[in-house]
Amino acid sequence: MAAGPASPGGRSREQMPHLSKMERVVLSMQDPDQGVHMRSQRLLVTVVPHAVTGNDTMEWLIHKYCISEEEALRLGTLLLRHGYLYPLQDPGSLVLRPDETFYRFQTPYFWMSTLWPAAELDYAIYLAKKNIRKHGALGDLEKEHHGQLHRKMNHMWDLVVMQAREQLRAAKQRRKGDRLVIACQEQTYWLVNRPPPGVPNVLEQGPKRGSCTARQVLMNADFYKREIECCRRALGRTRVKSSVSLEAYLKFSNQHRPHDPIMSGCLPSNPWITDDDTYWAINAPRVAEPTQLRVQRWAFSFQELLEDPVGRAHFMDFLRIEFSAENLSFWEACEQLRHGGQAQVPGLVDAVYQQFLAPGAAHWVNIDSQTMERTLEGLQRPHRYVLDAAQLHIYMLMKKDSYPRFLKSDMYKTLLVEAVIPPETKRRVFPFMWKPRRSSPSPALLPASASGECVAAPGGPGGGPGEA
């Protein structure tokens, strides 16, 4: 079992309605007048107050709900597996025993429906605290989880140990009985949220389903008020006008028209219909001096800049000036990982992590804690898309911050001025097929001629030569 985040931790109370029912049962059991009989229990030299036995719990359930012993045992076991009761002598066994075994009610602070989601950091602090208290004598499963979390949170393990030591220091100021109770409460909570292998997770839920019973809608004044308000919001919703859409389309067309070979032609000539391949040479992926149209395309979008090897190289030079070249290097490394061979994926993932993400890396990149947590979780089973979240974060950072400054920089303006403008070369493609066009003479359009020359063209309206 991996020490990953518990999936049911983020579910709302509405998706687990049985928790509220169980809580009502637990509150009834703690009633001072009609609840389960509680007593103080001595464990060696420690006195634990408000303890209940398994026999008293079963008898109370049988008399309260008029159920059989088997049903009462099943209900009591469910209360323990959900963490509302916990045993004092064997905290690892969440099963109700119909004997004189002592149990205690869990404090509402650790109830499943009122506590925040079980986080990796809290679990790591709990294991570190238990490891310090027991001098490393953890169970096999807890040792495995402790090692996984240590590797996963290596960049913040000092914080985990510091928090664990602070909690142990605060616990020393409490009575021995209170320390025992708190230790049992924490262990029960993590047994419910991190069940060992083979134990069913009682907090797992299936897909959310709607209620089978149809709700009856009251057609009163409040209902019609809500309908009117909904229609009013729908009418006031922002919509794009056709004029705005057409204006954006015209702007896009005017921007891309000089770069369209069909609409504006190729400079210096079209290599598909001529013998001149200069167009391919000056627009090769790697050239010393790019053309002006090519440099202008870099300002269309950030993706246009990254897709051009020459533009990416100049952008890298700009980032080196700003001391942020590691961002683009990390993006290129992620692209190499995504499109590389499958056999090289584990090695590339480890190399990228050690170079850009590990604590004290040579080219460390700055990503937020949530993205780092997702990335570290995915590194346990590396694949070619494991760094997509971190790559997208760095991509958006460059797009919103570095890219606009690059377009406004003197470097880009200098490249735009010094870019190559190919001279236009006009050549007749197929001279034997080209003939000058002549308009067909029409008597209605010809001026009156005093010389009486014959201007009518034999050969019909198709028009042969009409002048002698």
# chains A, B, ... in the order shown; residues from 1 in each chain; ligands from 1
call {"tool": "closest_atom_pairs", "arguments": {"of": "region 188-279 of chain A", "to": "region 286-300 of chain A", "cutoff": "10 Å", "atoms": "only C-alpha atoms", "output": "Markdown table"}}
result
| residue | atom | partner | partner_atom | distance |
| --- | --- | --- | --- | --- |
| A:Phe252 | CA | A:Phe300 | CA | 9.7 |
| A:Gln255 | CA | A:Phe300 | CA | 8.4 |
| A:His256 | CA | A:Arg297 | CA | 8.6 |
| A:Pro258 | CA | A:Leu293 | CA | 7.9 |
| A:His259 | CA | A:Leu293 | CA | 6.7 |
| A:Leu267 | CA | A:Thr291 | CA | 9.9 |
call {"tool": "residues_around", "arguments": {"residues": "region 35-48 of chain A", "least_positions_apart": "6", "cutoff": "8 Å", "atoms": "only C-alpha atoms", "output": "short mmCIF file (atom, residue, chain, number, x, y, z; two decimals) with C-alpha atoms, in the first residue's frame"}}
result
data_model
loop_
_atom_site.label_atom_id
_atom_site.label_comp_id
_atom_site.auth_asym_id
_atom_site.auth_seq_id
_atom_site.Cartn_x
_atom_site.Cartn_y
_atom_site.Cartn_z
CA SER A 28 -26.83 8.73 22.56
CA MET A 29 -24.32 6.25 23.96
CA ASP A 56 -21.93 -2.98 28.25
CA THR A 57 -21.80 -1.61 24.71
CA TRP A 60 -26.96 -1.04 25.39
CA PHE A 102 -12.22 -1.70 27.59
CA LYS A 176 0.54 9.88 31.66
CA GLY A 177 -3.11 8.87 31.26
CA ASP A 178 -3.77 11.75 28.89
CA VAL A 181 -5.44 8.41 25.45
#
call {"tool": "closest_residue", "arguments": {"among": "A:Trp280, A:Tyr249, A:Tyr403, A:Tyr353", "to": "Leu328 (chain A)", "atoms": "only C-alpha atoms"}}
result
A:Tyr403
call {"tool": "closest_residue", "arguments": {"among": "A:Asp388, A:Gly347, A:Pro423, A:Arg320", "to": "Ser269 (chain A)", "atoms": "only C-alpha atoms"}}
result
A:Pro423
call {"tool": "atom_distance", "arguments": {"atom1": "CA of Glu144 (chain A)", "atom2": "CA of Tyr126 (chain A)"}}
result
14.0 Å
